[in-house]
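J.: The file below is upload-v4.pdb, PDB, C-alpha atoms, pLDDT in the B column:
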ATOM      1  CA  MET C   1     -20.156 -38.776 -30.661  1.00 39.00           C
ATOM      2  CA  ILE C   2     -22.186 -37.248 -27.860  1.00 40.00           C
ATOM      3  CA  LEU C   3     -24.397 -39.234 -25.512  1.00 39.00           C
ATOM      4  CA  MET C   4     -27.460 -37.482 -24.149  1.00 42.00           C
ATOM      5  CA  ALA C   5     -29.439 -38.742 -21.143  1.00 45.00           C
ATOM      6  CA  GLU C   6     -33.173 -38.195 -21.526  1.00 49.00           C
ATOM      7  CA  ALA C   7     -35.606 -39.339 -18.814  1.00 53.00           C
ATOM      8  CA  GLY C   8     -33.347 -42.179 -17.722  1.00 52.00           C
ATOM      9  CA  ASN C   9     -32.750 -43.417 -21.273  1.00 53.00           C
ATOM     10  CA  GLU C  10     -29.459 -42.856 -23.007  1.00 56.00           C
ATOM     11  CA  GLN C  11     -29.965 -41.521 -26.485  1.00 58.00           C
ATOM     12  CA  GLU C  12     -27.074 -41.410 -28.922  1.00 62.00           C
ATOM     13  CA  LYS C  13     -26.713 -38.230 -31.001  1.00 63.00           C
ATOM     14  CA  THR C  14     -24.151 -38.049 -33.774  1.00 73.00           C
ATOM     15  CA  PHE C  15     -23.003 -35.034 -35.740  1.00 71.00           C
ATOM     16  CA  GLU C  16     -22.946 -35.462 -39.501  1.00 80.00           C
ATOM     17  CA  GLY C  17     -20.622 -33.575 -41.807  1.00 86.00           C
ATOM     18  CA  PHE C  18     -16.933 -32.822 -42.123  1.00 90.00           C
ATOM     19  CA  LEU C  19     -14.539 -31.395 -39.565  1.00 92.00           C
ATOM     20  CA  GLY C  20     -12.898 -28.091 -40.473  1.00 94.00           C
ATOM     21  CA  GLU C  21     -10.560 -25.563 -38.852  1.00 94.00           C
ATOM     22  CA  ILE C  22     -10.907 -21.802 -39.198  1.00 94.00           C
ATOM     23  CA  VAL C  23      -7.698 -20.456 -40.738  1.00 95.00           C
ATOM     24  CA  GLU C  24      -8.646 -16.840 -41.454  1.00 92.00           C
ATOM     25  CA  VAL C  25     -11.284 -14.418 -40.167  1.00 91.00           C
ATOM     26  CA  PRO C  26     -11.302 -11.329 -42.408  1.00 87.00           C
ATOM     27  CA  ARG C  27     -13.005  -8.211 -41.073  1.00 84.00           C
ATOM     28  CA  VAL C  28     -15.933  -8.738 -43.445  1.00 82.00           C
ATOM     29  CA  ARG C  29     -19.429  -8.865 -41.992  1.00 86.00           C
ATOM     30  CA  THR C  30     -22.808  -9.275 -43.598  1.00 85.00           C
ATOM     31  CA  GLY C  31     -26.418  -9.600 -42.530  1.00 85.00           C
ATOM     32  CA  ILE C  32     -28.851  -6.868 -41.590  1.00 87.00           C
ATOM     33  CA  PHE C  33     -27.101  -6.212 -38.272  1.00 89.00           C
ATOM     34  CA  GLY C  34     -23.595  -7.417 -39.206  1.00 86.00           C
ATOM     35  CA  GLU C  35     -23.989 -10.657 -37.242  1.00 89.00           C
ATOM     36  CA  VAL C  36     -22.669 -12.944 -40.005  1.00 90.00           C
ATOM     37  CA  LYS C  37     -18.918 -13.247 -40.632  1.00 91.00           C
ATOM     38  CA  GLN C  38     -17.219 -14.777 -43.644  1.00 92.00           C
ATOM     39  CA  VAL C  39     -14.391 -17.087 -42.638  1.00 93.00           C
ATOM     40  CA  MET C  40     -11.909 -19.292 -44.478  1.00 94.00           C
ATOM     41  CA  VAL C  41     -12.142 -22.926 -43.328  1.00 95.00           C
ATOM     42  CA  ARG C  42      -9.610 -25.726 -44.025  1.00 96.00           C
ATOM     43  CA  ILE C  43     -11.309 -29.111 -44.380  1.00 95.00           C
ATOM     44  CA  LEU C  44      -9.620 -31.704 -42.116  1.00 94.00           C
ATOM     45  CA  GLU C  45     -11.351 -34.915 -43.252  1.00 91.00           C
ATOM     46  CA  GLY C  46     -13.124 -36.487 -46.202  1.00 88.00           C
ATOM     47  CA  ASN C  47     -12.449 -36.289 -49.930  1.00 89.00           C
ATOM     48  CA  ASP C  48     -11.744 -32.542 -49.791  1.00 90.00           C
ATOM     49  CA  LYS C  49      -9.121 -32.822 -47.030  1.00 93.00           C
ATOM     50  CA  GLY C  50      -6.753 -29.840 -47.147  1.00 94.00           C
ATOM     51  CA  ARG C  51      -9.064 -27.671 -49.268  1.00 94.00           C
ATOM     52  CA  VAL C  52      -9.790 -24.136 -48.004  1.00 95.00           C
ATOM     53  CA  ILE C  53     -13.319 -22.824 -48.557  1.00 95.00           C
ATOM     54  CA  ARG C  54     -15.182 -19.633 -47.622  1.00 94.00           C
ATOM     55  CA  ARG C  55     -18.210 -20.064 -45.340  1.00 93.00           C
ATOM     56  CA  ASN C  56     -20.604 -17.744 -43.518  1.00 92.00           C
ATOM     57  CA  MET C  57     -20.645 -18.164 -39.722  1.00 91.00           C
ATOM     58  CA  ILE C  58     -22.852 -16.676 -37.018  1.00 92.00           C
ATOM     59  CA  GLY C  59     -21.470 -16.043 -33.551  1.00 89.00           C
ATOM     60  CA  PHE C  60     -18.022 -15.629 -32.063  1.00 90.00           C
ATOM     61  CA  VAL C  61     -15.292 -17.293 -34.120  1.00 90.00           C
ATOM     62  CA  LYS C  62     -11.512 -17.070 -34.033  1.00 92.00           C
ATOM     63  CA  VAL C  63      -8.588 -18.614 -35.856  1.00 94.00           C
ATOM     64  CA  GLY C  64      -8.005 -22.212 -34.748  1.00 94.00           C
ATOM     65  CA  ASP C  65     -11.629 -23.010 -33.868  1.00 94.00           C
ATOM     66  CA  LYS C  66     -12.869 -26.409 -35.036  1.00 94.00           C
ATOM     67  CA  VAL C  67     -16.234 -26.417 -36.813  1.00 92.00           C
ATOM     68  CA  ARG C  68     -18.447 -29.100 -38.322  1.00 91.00           C
ATOM     69  CA  ILE C  69     -19.349 -28.344 -41.969  1.00 90.00           C
ATOM     70  CA  PRO C  70     -22.421 -30.206 -43.263  1.00 90.00           C
ATOM     71  CA  ASP C  71     -21.466 -29.848 -46.943  1.00 88.00           C
ATOM     72  CA  THR C  72     -18.108 -29.009 -48.548  1.00 87.00           C
ATOM     73  CA  THR C  73     -19.427 -28.417 -52.079  1.00 88.00           C
ATOM     74  CA  ARG C  74     -21.163 -25.137 -51.242  1.00 88.00           C
ATOM     75  CA  GLU C  75     -18.998 -22.066 -50.872  1.00 90.00           C
ATOM     76  CA  ALA C  76     -20.071 -18.536 -49.923  1.00 90.00           C
ATOM     77  CA  LYS C  77     -19.672 -15.772 -52.478  1.00 89.00           C
ATOM     78  CA  PRO C  78     -17.169 -13.038 -51.563  1.00 87.00           C
ATOM     79  CA  ILE C  79     -18.719  -9.901 -50.080  1.00 82.00           C
ATOM     80  CA  LYS C  80     -18.035  -6.834 -52.201  1.00 77.00           C
ATOM     81  CA  ALA C  81     -17.533  -3.482 -50.469  1.00 67.00           C
ATOM     82  CA  ARG C  82     -19.788  -0.676 -51.627  1.00 65.00           C
TER      83      ARG C  82
END
Mind converting the file's structure to structure tokens?

T.:
Amino acid sequence: MILMAEAGNEQEKTFEGFLGEIVEVPRVRTGIFGEVKQVMVRILEGNDKGRVIRRNMIGFVKVGDKVRIPDTTREAKPIKAR
């Protein structure tokens, strides 16, 4: 949980979703400029604990990073090379 101070008032901001850890970052990129990477994420909490899913991520990611996944039922389709 993160507390944010706004104009003297403390406002509580929580992050929803499930915690995951990046276990593999293949050299596959997508998007118009190649800014989106497909990564394999192991779910660390919830009903799907231990499951590995493929997700699209924007930005710098590396193996071992912790990410917050809003939904574990959606999985990205594999990118096919042309």

J.: For Phe18 of chain C, which of C:Thr30, C:Gln38, C:Thr72, C:Asn56 is the closest residue, counting only C-alpha atoms?

T.: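 Nearest to Phe18 of chain C: C:Thr72.
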
J.: Which residues come within 12 Å of Val36 of chain C, counting all atoms listed in the file, excluding same-chain residues fewer than 5 positions away, as a PyMOL selection string?

T.: chain C and resi 25-31+55-61+76+79

J.: Separation of atom CA of Arg51 of chain C and atom CA of Glu16 of chain C, in Å?

T.: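 Result for atom CA of Arg51 of chain C versus atom CA of Glu16 of chain C: 18.7 Å, one decimal.
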
J.: Compare C:Gly46, C:Val63, C:Ile69, C:Arg54 by their minimum atom-to-atom distance to Glu24 of chain C, counting all atoms listed in the file, and give me the closest one.

T.: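 Under the stated criterion, the closest residue is C:Val63.
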
J.: Expressed in Å to a single decimal, how great is the separation between atom CA of Val52 of chain C and atom CA of Glu35 of chain C?

T.: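 Result for atom CA of Val52 of chain C versus atom CA of Glu35 of chain C: 22.3 Å, one decimal.
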
J.: For atom CA of Phe15 of chain C and atom CA of Asp71 of chain C, quote the distance in Å rounded to one decimal.

T.: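 So the two atoms, atom CA of Phe15 of chain C and atom CA of Asp71 of chain C, lie 12.4 Å apart.
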
J.: Using only C-alpha atoms, which residue out of C:Lys77, C:Glu21, C:Thr14, C:Arg68 lies closest to Gly50 of chain C?

T.: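 Closest candidate: C:Glu21.
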
J.: Let me make sure I understand: among C:Lys80, C:Lys66, C:Ile32, C:Gly20, which one has the smallest atom-to-atom distance to Ile53 of chain C if we use only C-alpha atoms?

T.: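 Using only C-alpha atoms, the shortest distance to Ile53 of chain C belongs to C:Gly20.
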
J.: Here is a test: counting all atoms listed in the file, which residue of C:Pro78, C:Lys37, C:Leu19, C:Asp48 is nearest to Lys62 of chain C?

T.: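 Under the stated criterion, the closest residue is C:Lys37.
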
J.: Using all atoms listed in the file, which of the listed residues (C:Gly64, C:Gly34, C:Glu75, C:Leu44) sits closest to Gly17 of chain C?

T.: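 Using all atoms listed in the file, Gly17 of chain C sits closest to C:Leu44.
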
J.: If I only have part of segment 55-79 of chain C, can you fill in N, CA and C atoms and write it as a PDB file, in the coordinates of the input?

T.:
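Full text of out-v3.pdb as output:
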ATOM      1  N   ARG C  55     -16.877 -19.775 -45.886  1.00 93.00           N
ATOM      2  CA  ARG C  55     -18.210 -20.064 -45.340  1.00 93.00           C
ATOM      3  C   ARG C  55     -18.702 -18.885 -44.507  1.00 93.00           C
ATOM      4  N   ASN C  56     -19.996 -18.753 -44.381  1.00 92.00           N
ATOM      5  CA  ASN C  56     -20.604 -17.744 -43.518  1.00 92.00           C
ATOM      6  C   ASN C  56     -20.858 -18.372 -42.157  1.00 92.00           C
ATOM      7  N   MET C  57     -20.467 -17.666 -41.086  1.00 91.00           N
ATOM      8  CA  MET C  57     -20.645 -18.164 -39.722  1.00 91.00           C
ATOM      9  C   MET C  57     -21.354 -17.105 -38.882  1.00 91.00           C
ATOM     10  N   ILE C  58     -22.185 -17.559 -37.966  1.00 92.00           N
ATOM     11  CA  ILE C  58     -22.852 -16.676 -37.018  1.00 92.00           C
ATOM     12  C   ILE C  58     -22.251 -16.943 -35.647  1.00 92.00           C
ATOM     13  N   GLY C  59     -21.986 -15.883 -34.905  1.00 89.00           N
ATOM     14  CA  GLY C  59     -21.470 -16.043 -33.551  1.00 89.00           C
ATOM     15  C   GLY C  59     -20.002 -15.680 -33.465  1.00 89.00           C
ATOM     16  N   PHE C  60     -19.420 -15.953 -32.301  1.00 90.00           N
ATOM     17  CA  PHE C  60     -18.022 -15.629 -32.063  1.00 90.00           C
ATOM     18  C   PHE C  60     -17.138 -16.722 -32.649  1.00 90.00           C
ATOM     19  N   VAL C  61     -16.232 -16.343 -33.535  1.00 90.00           N
ATOM     20  CA  VAL C  61     -15.292 -17.293 -34.120  1.00 90.00           C
ATOM     21  C   VAL C  61     -13.904 -16.679 -34.087  1.00 90.00           C
ATOM     22  N   LYS C  62     -12.897 -17.538 -33.995  1.00 92.00           N
ATOM     23  CA  LYS C  62     -11.512 -17.070 -34.033  1.00 92.00           C
ATOM     24  C   LYS C  62     -10.672 -18.109 -34.756  1.00 92.00           C
ATOM     25  N   VAL C  63      -9.488 -17.716 -35.147  1.00 94.00           N
ATOM     26  CA  VAL C  63      -8.588 -18.614 -35.856  1.00 94.00           C
ATOM     27  C   VAL C  63      -8.246 -19.797 -34.951  1.00 94.00           C
ATOM     28  N   GLY C  64      -8.312 -21.003 -35.507  1.00 94.00           N
ATOM     29  CA  GLY C  64      -8.005 -22.212 -34.748  1.00 94.00           C
ATOM     30  C   GLY C  64      -9.228 -22.952 -34.248  1.00 94.00           C
ATOM     31  N   ASP C  65     -10.405 -22.326 -34.298  1.00 94.00           N
ATOM     32  CA  ASP C  65     -11.629 -23.010 -33.868  1.00 94.00           C
ATOM     33  C   ASP C  65     -11.932 -24.176 -34.801  1.00 94.00           C
ATOM     34  N   LYS C  66     -12.442 -25.255 -34.256  1.00 94.00           N
ATOM     35  CA  LYS C  66     -12.869 -26.409 -35.036  1.00 94.00           C
ATOM     36  C   LYS C  66     -14.376 -26.294 -35.250  1.00 94.00           C
ATOM     37  N   VAL C  67     -14.818 -26.505 -36.482  1.00 92.00           N
ATOM     38  CA  VAL C  67     -16.234 -26.417 -36.813  1.00 92.00           C
ATOM     39  C   VAL C  67     -16.630 -27.652 -37.610  1.00 92.00           C
ATOM     40  N   ARG C  68     -17.909 -27.971 -37.565  1.00 91.00           N
ATOM     41  CA  ARG C  68     -18.447 -29.100 -38.322  1.00 91.00           C
ATOM     42  C   ARG C  68     -19.203 -28.518 -39.509  1.00 91.00           C
ATOM     43  N   ILE C  69     -18.748 -28.847 -40.727  1.00 90.00           N
ATOM     44  CA  ILE C  69     -19.349 -28.344 -41.969  1.00 90.00           C
ATOM     45  C   ILE C  69     -20.246 -29.439 -42.546  1.00 90.00           C
ATOM     46  N   PRO C  70     -21.536 -29.167 -42.752  1.00 90.00           N
ATOM     47  CA  PRO C  70     -22.421 -30.206 -43.263  1.00 90.00           C
ATOM     48  C   PRO C  70     -22.154 -30.575 -44.722  1.00 90.00           C
ATOM     49  N   ASP C  71     -21.659 -29.605 -45.521  1.00 88.00           N
ATOM     50  CA  ASP C  71     -21.466 -29.848 -46.943  1.00 88.00           C
ATOM     51  C   ASP C  71     -20.251 -29.056 -47.415  1.00 88.00           C
ATOM     52  N   THR C  72     -19.319 -29.707 -48.098  1.00 87.00           N
ATOM     53  CA  THR C  72     -18.108 -29.009 -48.548  1.00 87.00           C
ATOM     54  C   THR C  72     -18.207 -28.531 -49.986  1.00 87.00           C
ATOM     55  N   THR C  73     -19.309 -28.841 -50.683  1.00 88.00           N
ATOM     56  CA  THR C  73     -19.427 -28.417 -52.079  1.00 88.00           C
ATOM     57  C   THR C  73     -19.927 -26.986 -52.199  1.00 88.00           C
ATOM     58  N   ARG C  74     -20.662 -26.516 -51.205  1.00 88.00           N
ATOM     59  CA  ARG C  74     -21.163 -25.137 -51.242  1.00 88.00           C
ATOM     60  C   ARG C  74     -20.128 -24.198 -50.676  1.00 88.00           C
ATOM     61  N   GLU C  75     -19.937 -23.074 -51.339  1.00 90.00           N
ATOM     62  CA  GLU C  75     -18.998 -22.066 -50.872  1.00 90.00           C
ATOM     63  C   GLU C  75     -19.678 -20.706 -50.962  1.00 90.00           C
ATOM     64  N   ALA C  76     -19.454 -19.858 -49.953  1.00 90.00           N
ATOM     65  CA  ALA C  76     -20.071 -18.536 -49.923  1.00 90.00           C
ATOM     66  C   ALA C  76     -19.413 -17.635 -50.958  1.00 90.00           C
ATOM     67  N   LYS C  77     -20.213 -16.747 -51.529  1.00 89.00           N
ATOM     68  CA  LYS C  77     -19.672 -15.772 -52.478  1.00 89.00           C
ATOM     69  C   LYS C  77     -18.943 -14.677 -51.704  1.00 89.00           C
ATOM     70  N   PRO C  78     -17.858 -14.132 -52.264  1.00 87.00           N
ATOM     71  CA  PRO C  78     -17.169 -13.038 -51.563  1.00 87.00           C
ATOM     72  C   PRO C  78     -18.063 -11.815 -51.432  1.00 87.00           C
ATOM     73  N   ILE C  79     -17.945 -11.124 -50.322  1.00 82.00           N
ATOM     74  CA  ILE C  79     -18.719  -9.901 -50.080  1.00 82.00           C
ATOM     75  C   ILE C  79     -17.975  -8.746 -50.716  1.00 82.00           C
TER      76      ILE C  79
END
